[in-house]
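What follows is a short report on a single structure.
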Amino acid sequence: MPDDVLKVHRLSKEFISGRDRVQVIAGLSFTLQAAQSLAVVGRSGSGKSTLLNLLCGLEDADGGLISVAGRDTVGRWTALRKQTIGVVFQEANLMPAMTLLENVQLRASLAGRASGEEMHWLEQLGVAAEAHRFPDQVSGGQRQRAALAMVFAMRPALILADEPTGSLDRQTADDVADRLFEVQRNSGCGLVLATHDQALASRCEHCLDLSESA
(Lines give C-alpha, C1' and ligand atoms only; values in the text may rest on other atoms or scores of the structure.)
Protein backbone atom coordinates (compact mmCIF):
# COMPACT_ATOMS: atom_id res chain seq x y z
CA MET A 1 0.00 0.00 0.00
CA PRO A 2 1.51 3.38 -0.99
CA ASP A 3 2.38 5.82 1.75
CA ASP A 4 0.12 8.80 2.36
CA VAL A 5 1.65 12.02 1.02
CA LEU A 6 -1.17 14.25 2.22
CA LYS A 7 -3.65 13.96 5.08
CA VAL A 8 -6.25 16.63 5.75
CA HIS A 9 -8.48 16.37 8.83
CA ARG A 10 -11.43 18.66 9.50
CA LEU A 11 -9.86 21.63 7.75
CA SER A 12 -11.75 24.92 7.97
CA LYS A 13 -11.30 28.46 6.72
CA GLU A 14 -13.53 31.53 6.79
CA PHE A 15 -13.22 35.09 5.58
CA ILE A 16 -14.79 38.34 6.75
CA SER A 17 -17.00 40.06 4.16
CA GLY A 18 -18.37 43.29 5.56
CA ARG A 19 -20.15 42.25 8.73
CA ASP A 20 -20.51 38.65 7.61
CA ARG A 21 -18.32 35.61 8.16
CA VAL A 22 -18.13 33.47 5.02
CA GLN A 23 -17.19 29.82 5.54
CA VAL A 24 -15.13 28.78 2.52
CA ILE A 25 -13.75 25.46 3.77
CA ALA A 26 -15.82 23.64 6.39
CA GLY A 27 -14.55 20.52 8.16
CA LEU A 28 -12.86 19.07 5.07
CA SER A 29 -11.06 15.72 5.39
CA PHE A 30 -9.31 13.57 2.77
CA THR A 31 -6.15 11.53 2.17
CA LEU A 32 -3.91 11.31 -0.89
CA GLN A 33 -1.38 8.56 -1.46
CA ALA A 34 1.88 8.56 -3.42
CA ALA A 35 1.45 8.64 -7.22
CA GLN A 36 -2.27 9.47 -6.87
CA SER A 37 -3.94 12.53 -8.37
CA LEU A 38 -6.87 14.53 -7.01
CA ALA A 39 -8.87 17.10 -8.96
CA VAL A 40 -10.37 19.95 -6.93
CA VAL A 41 -13.36 21.38 -8.76
CA GLY A 42 -16.28 23.66 -7.99
CA ARG A 43 -17.92 26.88 -9.03
CA SER A 44 -16.02 30.18 -8.81
CA GLY A 45 -15.68 31.22 -5.18
CA SER A 46 -16.10 27.69 -3.83
CA GLY A 47 -12.57 27.72 -2.39
CA LYS A 48 -10.33 25.90 -4.88
CA SER A 49 -7.42 28.33 -4.76
CA THR A 50 -7.96 28.89 -1.04
CA LEU A 51 -7.60 25.15 -0.42
CA LEU A 52 -4.34 24.99 -2.35
CA ASN A 53 -3.04 28.01 -0.42
CA LEU A 54 -3.90 26.23 2.83
CA LEU A 55 -2.17 23.05 1.66
CA CYS A 56 1.12 24.89 1.12
CA GLY A 57 0.89 27.29 4.05
CA LEU A 58 0.35 30.49 2.07
CA GLU A 59 -2.81 30.99 4.14
CA ASP A 60 -3.50 29.93 7.73
CA ALA A 61 -6.38 27.58 8.48
CA ASP A 62 -8.89 28.44 11.18
CA GLY A 63 -9.04 24.83 12.26
CA GLY A 64 -8.02 21.30 11.35
CA LEU A 65 -4.79 19.43 10.72
CA ILE A 66 -2.61 18.95 7.65
CA SER A 67 0.29 16.50 7.34
CA VAL A 68 2.56 16.19 4.31
CA ALA A 69 4.71 13.11 3.67
CA GLY A 70 3.94 11.93 7.18
CA ARG A 71 5.07 15.16 8.82
CA ASP A 72 3.13 17.69 10.85
CA THR A 73 3.09 21.03 9.03
CA VAL A 74 2.93 23.32 12.08
CA GLY A 75 5.90 25.70 11.93
CA ARG A 76 7.41 23.85 8.95
CA TRP A 77 5.77 25.46 5.93
CA THR A 78 8.86 27.28 4.64
CA ALA A 79 10.95 24.12 4.69
CA LEU A 80 8.14 22.08 3.14
CA ARG A 81 7.69 24.53 0.24
CA LYS A 82 11.42 24.48 -0.29
CA GLN A 83 11.89 20.71 -0.47
CA THR A 84 8.66 18.71 -0.24
CA ILE A 85 5.79 20.65 -1.85
CA GLY A 86 6.03 21.85 -5.44
CA VAL A 87 3.57 24.54 -6.52
CA VAL A 88 2.54 25.27 -10.12
CA PHE A 89 0.49 28.36 -10.92
CA GLN A 90 -1.57 29.32 -13.97
CA GLU A 91 1.21 31.64 -15.13
CA ALA A 92 4.73 30.20 -15.21
CA ASN A 93 6.77 31.71 -12.39
CA LEU A 94 10.17 31.96 -14.07
CA MET A 95 13.05 34.34 -13.42
CA PRO A 96 13.12 36.49 -16.60
CA ALA A 97 16.90 37.11 -16.52
CA MET A 98 17.69 33.38 -16.43
CA THR A 99 17.42 30.75 -19.15
CA LEU A 100 14.95 27.89 -18.80
CA LEU A 101 17.78 25.58 -17.76
CA GLU A 102 19.10 28.08 -15.21
CA ASN A 103 15.61 28.40 -13.73
CA VAL A 104 15.43 24.63 -13.29
CA GLN A 105 18.95 24.51 -11.85
CA LEU A 106 18.12 27.26 -9.36
CA ARG A 107 14.97 25.50 -8.14
CA ALA A 108 16.78 22.19 -7.74
CA SER A 109 19.60 23.90 -5.85
CA LEU A 110 17.22 25.68 -3.46
CA ALA A 111 15.64 22.32 -2.68
CA GLY A 112 19.02 20.72 -2.09
CA ARG A 113 18.43 18.45 -5.10
CA ALA A 114 21.04 19.76 -7.56
CA SER A 115 22.33 16.65 -9.33
CA GLY A 116 23.30 17.64 -12.84
CA GLU A 117 20.06 16.04 -14.07
CA GLU A 118 18.20 19.31 -14.61
CA MET A 119 18.37 18.93 -18.40
CA HIS A 120 16.69 15.55 -17.99
CA TRP A 121 13.57 17.23 -16.62
CA LEU A 122 13.42 19.68 -19.53
CA GLU A 123 13.70 16.67 -21.84
CA GLN A 124 10.89 14.90 -19.97
CA LEU A 125 8.68 17.97 -20.41
CA GLY A 126 9.59 18.39 -24.06
CA VAL A 127 11.50 21.68 -23.92
CA ALA A 128 15.15 20.60 -23.98
CA ALA A 129 15.63 22.38 -27.32
CA GLU A 130 14.72 25.67 -25.61
CA ALA A 131 16.92 25.10 -22.54
CA HIS A 132 19.23 28.03 -23.26
CA ARG A 133 16.51 30.48 -24.20
CA PHE A 134 15.05 33.08 -21.86
CA PRO A 135 11.38 33.02 -20.83
CA ASP A 136 10.43 35.90 -23.14
CA GLN A 137 11.96 34.01 -26.08
CA VAL A 138 9.63 30.99 -25.85
CA SER A 139 5.88 30.38 -26.03
CA GLY A 140 3.50 30.30 -23.11
CA GLY A 141 3.22 26.52 -23.35
CA GLN A 142 6.99 26.16 -23.31
CA ARG A 143 7.24 28.42 -20.26
CA GLN A 144 4.63 26.31 -18.47
CA ARG A 145 6.50 23.12 -19.30
CA ALA A 146 9.67 24.68 -17.92
CA ALA A 147 7.78 25.61 -14.75
CA LEU A 148 6.77 21.97 -14.40
CA ALA A 149 10.37 20.90 -14.97
CA MET A 150 11.38 23.22 -12.11
CA VAL A 151 8.92 21.50 -9.80
CA PHE A 152 9.91 17.97 -10.77
CA ALA A 153 13.61 18.83 -10.41
CA MET A 154 13.06 19.48 -6.70
CA ARG A 155 11.74 15.90 -6.39
CA PRO A 156 8.71 16.82 -4.27
CA ALA A 157 6.45 14.38 -2.47
CA LEU A 158 3.45 16.53 -3.38
CA ILE A 159 2.60 18.85 -6.27
CA LEU A 160 -0.13 21.49 -5.98
CA ALA A 161 -1.27 22.85 -9.34
CA ASP A 162 -3.66 25.80 -9.60
CA GLU A 163 -5.19 25.94 -13.12
CA PRO A 164 -1.81 24.91 -14.64
CA THR A 165 -3.18 24.97 -18.20
CA GLY A 166 -5.73 27.75 -17.77
CA SER A 167 -3.83 30.32 -19.82
CA LEU A 168 -3.10 27.97 -22.75
CA ASP A 169 -5.01 27.11 -25.92
CA ARG A 170 -6.73 23.71 -26.01
CA GLN A 171 -4.08 21.83 -27.98
CA THR A 172 -1.19 23.23 -25.94
CA ALA A 173 -3.10 22.64 -22.70
CA ASP A 174 -3.69 18.99 -23.60
CA ASP A 175 0.00 18.50 -24.44
CA VAL A 176 1.16 20.13 -21.19
CA ALA A 177 -1.35 17.99 -19.25
CA ASP A 178 -0.04 14.85 -20.96
CA ARG A 179 3.46 15.67 -19.78
CA LEU A 180 2.32 16.59 -16.29
CA PHE A 181 0.44 13.34 -15.63
CA GLU A 182 3.07 11.14 -17.26
CA VAL A 183 5.97 12.55 -15.27
CA GLN A 184 3.89 12.76 -12.07
CA ARG A 185 3.00 9.07 -12.22
CA ASN A 186 6.54 8.03 -13.11
CA SER A 187 8.06 10.08 -10.30
CA GLY A 188 5.57 8.75 -7.73
CA CYS A 189 4.58 12.08 -6.21
CA GLY A 190 1.03 13.04 -5.29
CA LEU A 191 -0.85 15.68 -7.29
CA VAL A 192 -3.64 18.02 -6.20
CA LEU A 193 -4.97 19.93 -9.20
CA ALA A 194 -7.49 22.78 -8.92
CA THR A 195 -9.30 23.45 -12.17
CA HIS A 196 -12.49 24.62 -13.90
CA ASP A 197 -11.63 22.35 -16.83
CA GLN A 198 -13.76 19.21 -16.55
CA ALA A 199 -11.73 17.41 -19.22
CA LEU A 200 -8.57 17.99 -17.22
CA ALA A 201 -10.26 17.04 -13.93
CA SER A 202 -11.49 13.76 -15.44
CA ARG A 203 -7.88 12.65 -15.93
CA CYS A 204 -7.30 12.57 -12.17
CA GLU A 205 -7.98 9.39 -10.20
CA HIS A 206 -10.08 11.18 -7.59
CA CYS A 207 -12.25 14.29 -7.58
CA LEU A 208 -13.23 16.67 -4.78
CA ASP A 209 -16.13 19.01 -5.61
CA LEU A 210 -16.04 21.95 -3.21
CA SER A 211 -19.43 23.16 -4.45
CA GLU A 212 -20.96 20.14 -2.74
CA SER A 213 -19.27 20.90 0.58
CA ALA A 214 -19.75 24.67 0.52
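Chain labels A, B, ... are given in the sequence in which chains occur in the C-alpha coordinates; within each chain residues are numbered consecutively from 1, and ligands are likewise numbered from 1 in the order shown.
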Using 8 Å as the limit and counting only C-alpha atoms, can you tabulate each residue of segment 40-61 of chain A that touches segment 155-173 of chain A, with its shortest atom-to-atom distance in Å and the two atoms involved, as a Markdown table?
| residue | atom | partner | partner_atom | distance |
| --- | --- | --- | --- | --- |
| A:Ser49 | CA | A:Asp162 | CA | 6.6 |
| A:Leu52 | CA | A:Leu160 | CA | 6.6 |
| A:Cys56 | CA | A:Leu160 | CA | 8.0 |
Dump as a CSV table (one decimal), in the first residue's frame, selection limited to C-alpha atoms:
chain,number,residue,atom,x,y,z
A,49,SER,CA,-7.4,28.3,-4.8
A,52,LEU,CA,-4.3,25.0,-2.4
A,56,CYS,CA,1.1,24.9,1.1
Going by DSSP on the backbone, which residues of segment 54-129 of chain A come out as strand (DSSP E)? List them as a PDB file with N, CA and C atoms, in the first residue's frame.
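result_21.pdb, freshly written:
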ATOM      1  N   GLY A  63      -8.942  26.045  11.484  1.00  0.00           N
ATOM      2  CA  GLY A  63      -9.039  24.828  12.263  1.00  0.00           C
ATOM      3  C   GLY A  63      -8.665  23.636  11.416  1.00  0.00           C
ATOM      4  N   GLY A  64      -8.360  22.519  12.070  1.00  0.00           N
ATOM      5  CA  GLY A  64      -8.019  21.305  11.354  1.00  0.00           C
ATOM      6  C   GLY A  64      -6.533  21.032  11.321  1.00  0.00           C
ATOM      7  N   LEU A  65      -6.185  19.883  10.771  1.00  0.00           N
ATOM      8  CA  LEU A  65      -4.792  19.433  10.723  1.00  0.00           C
ATOM      9  C   LEU A  65      -4.415  19.051   9.299  1.00  0.00           C
ATOM     10  N   ILE A  66      -3.164  19.344   8.942  1.00  0.00           N
ATOM     11  CA  ILE A  66      -2.607  18.954   7.646  1.00  0.00           C
ATOM     12  C   ILE A  66      -1.267  18.284   7.905  1.00  0.00           C
ATOM     13  N   SER A  67      -1.039  17.122   7.295  1.00  0.00           N
ATOM     14  CA  SER A  67       0.288  16.505   7.340  1.00  0.00           C
ATOM     15  C   SER A  67       0.724  16.194   5.918  1.00  0.00           C
ATOM     16  N   VAL A  68       1.989  16.407   5.634  1.00  0.00           N
ATOM     17  CA  VAL A  68       2.556  16.193   4.305  1.00  0.00           C
ATOM     18  C   VAL A  68       3.715  15.219   4.424  1.00  0.00           C
ATOM     19  N   ARG A  71       4.533  14.167   7.886  1.00  0.00           N
ATOM     20  CA  ARG A  71       5.067  15.161   8.817  1.00  0.00           C
ATOM     21  C   ARG A  71       4.018  16.224   9.148  1.00  0.00           C
ATOM     22  N   ASP A  72       3.985  16.588  10.413  1.00  0.00           N
ATOM     23  CA  ASP A  72       3.127  17.687  10.847  1.00  0.00           C
ATOM     24  C   ASP A  72       3.627  18.965  10.182  1.00  0.00           C
ATOM     25  N   ILE A  85       6.998  20.269  -1.127  1.00  0.00           N
ATOM     26  CA  ILE A  85       5.787  20.646  -1.849  1.00  0.00           C
ATOM     27  C   ILE A  85       6.159  21.517  -3.049  1.00  0.00           C
ATOM     28  N   GLY A  86       5.822  21.051  -4.240  1.00  0.00           N
ATOM     29  CA  GLY A  86       6.030  21.853  -5.443  1.00  0.00           C
ATOM     30  C   GLY A  86       4.722  22.510  -5.846  1.00  0.00           C
ATOM     31  N   VAL A  87       4.782  23.790  -6.179  1.00  0.00           N
ATOM     32  CA  VAL A  87       3.566  24.542  -6.521  1.00  0.00           C
ATOM     33  C   VAL A  87       3.667  25.051  -7.958  1.00  0.00           C
ATOM     34  N   VAL A  88       2.615  24.806  -8.729  1.00  0.00           N
ATOM     35  CA  VAL A  88       2.537  25.268 -10.115  1.00  0.00           C
ATOM     36  C   VAL A  88       1.331  26.190 -10.246  1.00  0.00           C
TER      37      VAL A  88
END
Compile a residue-level contact table for segment 129-208 of chain A against segment 14-30 of chain A at a cut-off of 12 Å, reporting for every qualifying residue the shortest atom pair and its distance in Å to one decimal, with only C-alpha atoms counted, rows ordered by chain and ascending number, as JSON lines.
{"residue": "A:Val192", "atom": "CA", "partner": "A:Phe30", "partner_atom": "CA", "distance": 11.5}
{"residue": "A:His206", "atom": "CA", "partner": "A:Phe30", "partner_atom": "CA", "distance": 10.7}
{"residue": "A:Cys207", "atom": "CA", "partner": "A:Phe30", "partner_atom": "CA", "distance": 10.8}
{"residue": "A:Leu208", "atom": "CA", "partner": "A:Phe30", "partner_atom": "CA", "distance": 9.1}
(message) Using only C-alpha atoms, which protein or nucleic acid residues come within 8 Å of segment 60-62 of chain A? Drop anything in the same chain fewer than 6 positions from it, and give the result as a list in words.
(response)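 Result of the neighbour search: Leu11, Ser12, Lys13, Glu14 and Leu54 of chain A.
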Just asking: which residues within segment 50-183 of chain A are alpha helix (DSSP H) according to DSSP, as an mmCIF file with N, CA and C atoms, in the first residue's frame?
data_model
loop_
_atom_site.group_PDB
_atom_site.id
_atom_site.type_symbol
_atom_site.label_atom_id
_atom_site.label_comp_id
_atom_site.auth_asym_id
_atom_site.auth_seq_id
_atom_site.Cartn_x
_atom_site.Cartn_y
_atom_site.Cartn_z
ATOM 1 N N THR A 50 -8.154 28.780 -2.484
ATOM 2 C CA THR A 50 -7.962 28.885 -1.036
ATOM 3 C C THR A 50 -7.463 27.568 -0.466
ATOM 4 N N LEU A 51 -8.041 26.454 -0.914
ATOM 5 C CA LEU A 51 -7.600 25.152 -0.425
ATOM 6 C C LEU A 51 -6.136 24.905 -0.762
ATOM 7 N N LEU A 52 -5.742 25.201 -1.990
ATOM 8 C CA LEU A 52 -4.341 24.989 -2.352
ATOM 9 C C LEU A 52 -3.419 25.880 -1.523
ATOM 10 N N ASN A 53 -3.848 27.121 -1.262
ATOM 11 C CA ASN A 53 -3.037 28.011 -0.423
ATOM 12 C C ASN A 53 -2.901 27.470 0.994
ATOM 13 N N LEU A 54 -3.958 26.848 1.508
ATOM 14 C CA LEU A 54 -3.899 26.234 2.830
ATOM 15 C C LEU A 54 -2.952 25.038 2.832
ATOM 16 N N LEU A 55 -2.962 24.275 1.734
ATOM 17 C CA LEU A 55 -2.166 23.050 1.663
ATOM 18 C C LEU A 55 -0.674 23.312 1.506
ATOM 19 N N TRP A 77 6.205 25.186 7.294
ATOM 20 C CA TRP A 77 5.767 25.459 5.933
ATOM 21 C C TRP A 77 6.896 25.915 5.012
ATOM 22 N N THR A 78 7.780 26.775 5.500
ATOM 23 C CA THR A 78 8.857 27.276 4.638
ATOM 24 C C THR A 78 9.739 26.138 4.153
ATOM 25 N N ALA A 79 10.120 25.259 5.065
ATOM 26 C CA ALA A 79 10.954 24.118 4.686
ATOM 27 C C ALA A 79 10.215 23.173 3.755
ATOM 28 N N LEU A 80 8.918 22.978 3.986
ATOM 29 C CA LEU A 80 8.144 22.079 3.137
ATOM 30 C C LEU A 80 8.021 22.629 1.719
ATOM 31 N N ARG A 81 7.780 23.941 1.585
ATOM 32 C CA ARG A 81 7.689 24.530 0.241
ATOM 33 C C ARG A 81 9.031 24.491 -0.468
ATOM 34 N N LYS A 82 10.083 24.470 0.290
ATOM 35 C CA LYS A 82 11.419 24.475 -0.294
ATOM 36 C C LYS A 82 11.814 23.101 -0.828
ATOM 37 N N GLN A 83 11.395 22.039 -0.132
ATOM 38 C CA GLN A 83 11.893 20.712 -0.473
ATOM 39 C C GLN A 83 10.829 19.666 -0.757
ATOM 40 N N LEU A 100 15.803 28.944 -19.337
ATOM 41 C CA LEU A 100 14.949 27.891 -18.795
ATOM 42 C C LEU A 100 15.765 26.903 -17.973
ATOM 43 N N LEU A 101 16.920 26.516 -18.485
ATOM 44 C CA LEU A 101 17.780 25.582 -17.756
ATOM 45 C C LEU A 101 18.245 26.182 -16.438
ATOM 46 N N GLU A 102 18.636 27.437 -16.450
ATOM 47 C CA GLU A 102 19.099 28.081 -15.214
ATOM 48 C C GLU A 102 17.972 28.170 -14.186
ATOM 49 N N ASN A 103 16.749 28.394 -14.646
ATOM 50 C CA ASN A 103 15.612 28.402 -13.731
ATOM 51 C C ASN A 103 15.447 27.043 -13.060
ATOM 52 N N VAL A 104 15.558 25.982 -13.844
ATOM 53 C CA VAL A 104 15.425 24.628 -13.286
ATOM 54 C C VAL A 104 16.576 24.344 -12.329
ATOM 55 N N GLN A 105 17.784 24.732 -12.703
ATOM 56 C CA GLN A 105 18.946 24.506 -11.846
ATOM 57 C C GLN A 105 18.812 25.249 -10.521
ATOM 58 N N LEU A 106 18.300 26.478 -10.577
ATOM 59 C CA LEU A 106 18.115 27.257 -9.359
ATOM 60 C C LEU A 106 17.113 26.583 -8.431
ATOM 61 N N ARG A 107 15.980 26.127 -8.992
ATOM 62 C CA ARG A 107 14.965 25.501 -8.145
ATOM 63 C C ARG A 107 15.480 24.218 -7.505
ATOM 64 N N ALA A 108 16.215 23.431 -8.279
ATOM 65 C CA ALA A 108 16.785 22.194 -7.740
ATOM 66 C C ALA A 108 17.798 22.496 -6.643
ATOM 67 N N SER A 109 18.599 23.528 -6.849
ATOM 68 C CA SER A 109 19.603 23.903 -5.852
ATOM 69 C C SER A 109 18.958 24.368 -4.559
ATOM 70 N N LEU A 110 17.904 25.191 -4.663
ATOM 71 C CA LEU A 110 17.224 25.682 -3.465
ATOM 72 C C LEU A 110 16.615 24.536 -2.659
ATOM 73 N N GLU A 118 19.235 18.322 -14.329
ATOM 74 C CA GLU A 118 18.196 19.311 -14.615
ATOM 75 C C GLU A 118 17.771 19.291 -16.085
ATOM 76 N N MET A 119 18.722 19.023 -16.984
ATOM 77 C CA MET A 119 18.367 18.933 -18.404
ATOM 78 C C MET A 119 17.415 17.760 -18.650
ATOM 79 N N HIS A 120 17.579 16.716 -17.874
ATOM 80 C CA HIS A 120 16.694 15.547 -17.992
ATOM 81 C C HIS A 120 15.227 15.945 -17.828
ATOM 82 N N TRP A 121 14.954 16.841 -16.871
ATOM 83 C CA TRP A 121 13.567 17.230 -16.624
ATOM 84 C C TRP A 121 13.020 18.079 -17.756
ATOM 85 N N LEU A 122 13.863 18.921 -18.348
ATOM 86 C CA LEU A 122 13.420 19.679 -19.525
ATOM 87 C C LEU A 122 13.143 18.728 -20.687
ATOM 88 N N GLU A 123 13.946 17.671 -20.806
ATOM 89 C CA GLU A 123 13.703 16.670 -21.838
ATOM 90 C C GLU A 123 12.377 15.954 -21.587
ATOM 91 N N GLN A 124 12.127 15.591 -20.332
ATOM 92 C CA GLN A 124 10.890 14.905 -19.971
ATOM 93 C C GLN A 124 9.659 15.759 -20.281
ATOM 94 N N GLY A 140 4.104 30.501 -24.415
ATOM 95 C CA GLY A 140 3.499 30.299 -23.106
ATOM 96 C C GLY A 140 3.487 28.834 -22.697
ATOM 97 N N GLY A 141 3.206 27.949 -23.648
ATOM 98 C CA GLY A 141 3.220 26.525 -23.351
ATOM 99 C C GLY A 141 4.596 26.034 -22.962
ATOM 100 N N GLN A 142 5.623 26.543 -23.643
ATOM 101 C CA GLN A 142 6.993 26.159 -23.309
ATOM 102 C C GLN A 142 7.401 26.690 -21.944
ATOM 103 N N ARG A 143 6.955 27.889 -21.600
ATOM 104 C CA ARG A 143 7.237 28.416 -20.262
ATOM 105 C C ARG A 143 6.575 27.557 -19.187
ATOM 106 N N GLN A 144 5.335 27.123 -19.464
ATOM 107 C CA GLN A 144 4.634 26.313 -18.469
ATOM 108 C C GLN A 144 5.287 24.944 -18.315
ATOM 109 N N ARG A 145 5.776 24.386 -19.395
ATOM 110 C CA ARG A 145 6.496 23.117 -19.299
ATOM 111 C C ARG A 145 7.780 23.292 -18.494
ATOM 112 N N ALA A 146 8.459 24.416 -18.696
ATOM 113 C CA ALA A 146 9.671 24.681 -17.920
ATOM 114 C C ALA A 146 9.347 24.842 -16.440
ATOM 115 N N ALA A 147 8.201 25.473 -16.147
ATOM 116 C CA ALA A 147 7.780 25.609 -14.751
ATOM 117 C C ALA A 147 7.530 24.242 -14.125
ATOM 118 N N LEU A 148 6.955 23.324 -14.897
ATOM 119 C CA LEU A 148 6.766 21.968 -14.401
ATOM 120 C C LEU A 148 8.104 21.266 -14.205
ATOM 121 N N ALA A 149 9.038 21.487 -15.123
ATOM 122 C CA ALA A 149 10.370 20.900 -14.972
ATOM 123 C C ALA A 149 11.038 21.390 -13.686
ATOM 124 N N MET A 150 10.838 22.667 -13.356
ATOM 125 C CA MET A 150 11.384 23.215 -12.109
ATOM 126 C C MET A 150 10.851 22.460 -10.897
ATOM 127 N N VAL A 151 9.547 22.193 -10.926
ATOM 128 C CA VAL A 151 8.919 21.500 -9.796
ATOM 129 C C VAL A 151 9.421 20.059 -9.693
ATOM 130 N N PHE A 152 9.459 19.350 -10.820
ATOM 131 C CA PHE A 152 9.913 17.965 -10.770
ATOM 132 C C PHE A 152 11.382 17.853 -10.382
ATOM 133 N N ALA A 153 12.190 18.861 -10.747
ATOM 134 C CA ALA A 153 13.614 18.833 -10.410
ATOM 135 C C ALA A 153 13.860 18.904 -8.909
ATOM 136 N N ARG A 170 -6.325 25.089 -26.272
ATOM 137 C CA ARG A 170 -6.727 23.707 -26.007
ATOM 138 C C ARG A 170 -5.654 22.687 -26.368
ATOM 139 N N GLN A 171 -5.071 22.815 -27.549
ATOM 140 C CA GLN A 171 -4.081 21.833 -27.983
ATOM 141 C C GLN A 171 -2.849 21.879 -27.099
ATOM 142 N N THR A 172 -2.367 23.090 -26.799
ATOM 143 C CA THR A 172 -1.189 23.228 -25.945
ATOM 144 C C THR A 172 -1.492 22.752 -24.530
ATOM 145 N N ALA A 173 -2.696 23.075 -24.040
ATOM 146 C CA ALA A 173 -3.099 22.643 -22.701
ATOM 147 C C ALA A 173 -3.106 21.128 -22.597
ATOM 148 N N ASP A 174 -3.639 20.455 -23.615
ATOM 149 C CA ASP A 174 -3.686 18.990 -23.596
ATOM 150 C C ASP A 174 -2.277 18.402 -23.601
ATOM 151 N N ASP A 175 -1.371 19.011 -24.364
ATOM 152 C CA ASP A 175 -0.002 18.505 -24.437
ATOM 153 C C ASP A 175 0.712 18.693 -23.099
ATOM 154 N N VAL A 176 0.543 19.879 -22.492
ATOM 155 C CA VAL A 176 1.157 20.130 -21.186
ATOM 156 C C VAL A 176 0.593 19.168 -20.142
ATOM 157 N N ALA A 177 -0.726 18.929 -20.199
ATOM 158 C CA ALA A 177 -1.352 17.994 -19.252
ATOM 159 C C ALA A 177 -0.810 16.583 -19.443
ATOM 160 N N ASP A 178 -0.621 16.171 -20.697
ATOM 161 C CA ASP A 178 -0.043 14.847 -20.960
ATOM 162 C C ASP A 178 1.295 14.700 -20.261
ATOM 163 N N ARG A 179 2.129 15.709 -20.393
ATOM 164 C CA ARG A 179 3.462 15.673 -19.784
ATOM 165 C C ARG A 179 3.362 15.665 -18.259
ATOM 166 N N LEU A 180 2.479 16.494 -17.745
ATOM 167 C CA LEU A 180 2.317 16.593 -16.292
ATOM 168 C C LEU A 180 1.940 15.243 -15.685
ATOM 169 N N PHE A 181 0.903 14.602 -16.215
ATOM 170 C CA PHE A 181 0.442 13.341 -15.632
ATOM 171 C C PHE A 181 1.445 12.214 -15.841
ATOM 172 N N GLU A 182 2.094 12.193 -16.993
ATOM 173 C CA GLU A 182 3.068 11.139 -17.261
ATOM 174 C C GLU A 182 4.243 11.218 -16.281
ATOM 175 N N VAL A 183 4.808 12.407 -16.143
ATOM 176 C CA VAL A 183 5.967 12.551 -15.267
ATOM 177 C C VAL A 183 5.561 12.396 -13.803
#
(message) Residues near Gln36 of chain A, anyone? I mean within 8 Å using only C-alpha atoms, not counting same-chain ones fewer than 6 positions away, as a VMD selection string.
(response) chain A and resid 185 188 to 191 204 to 205
(message) I need the residue nearest Gln137 of chain A from this list: A:Val5, A:Leu210, A:Met98, A:Ala69. Use only C-alpha atoms for the distance.
(response)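 Closest candidate: A:Met98.
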(request) Grab the atom CA of Lys48 of chain A to atom CA of Leu6 of chain A distance for me, in Å with one decimal place. (result)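 Going from atom CA of Lys48 of chain A over to atom CA of Leu6 of chain A, I get 16.4 Å.
Atom pair atom CA of Val127 of chain A / atom CA of Ala114 of chain A has a distance of 19.0 Å (rounded to one decimal).
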(request) Kindly give the distance, in Å, that separates atom CA of Ala39 of chain A and atom CA of Met95 of chain A, rounded to a single decimal. (result)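 Distance reported for this atom pair: 28.2 Å.
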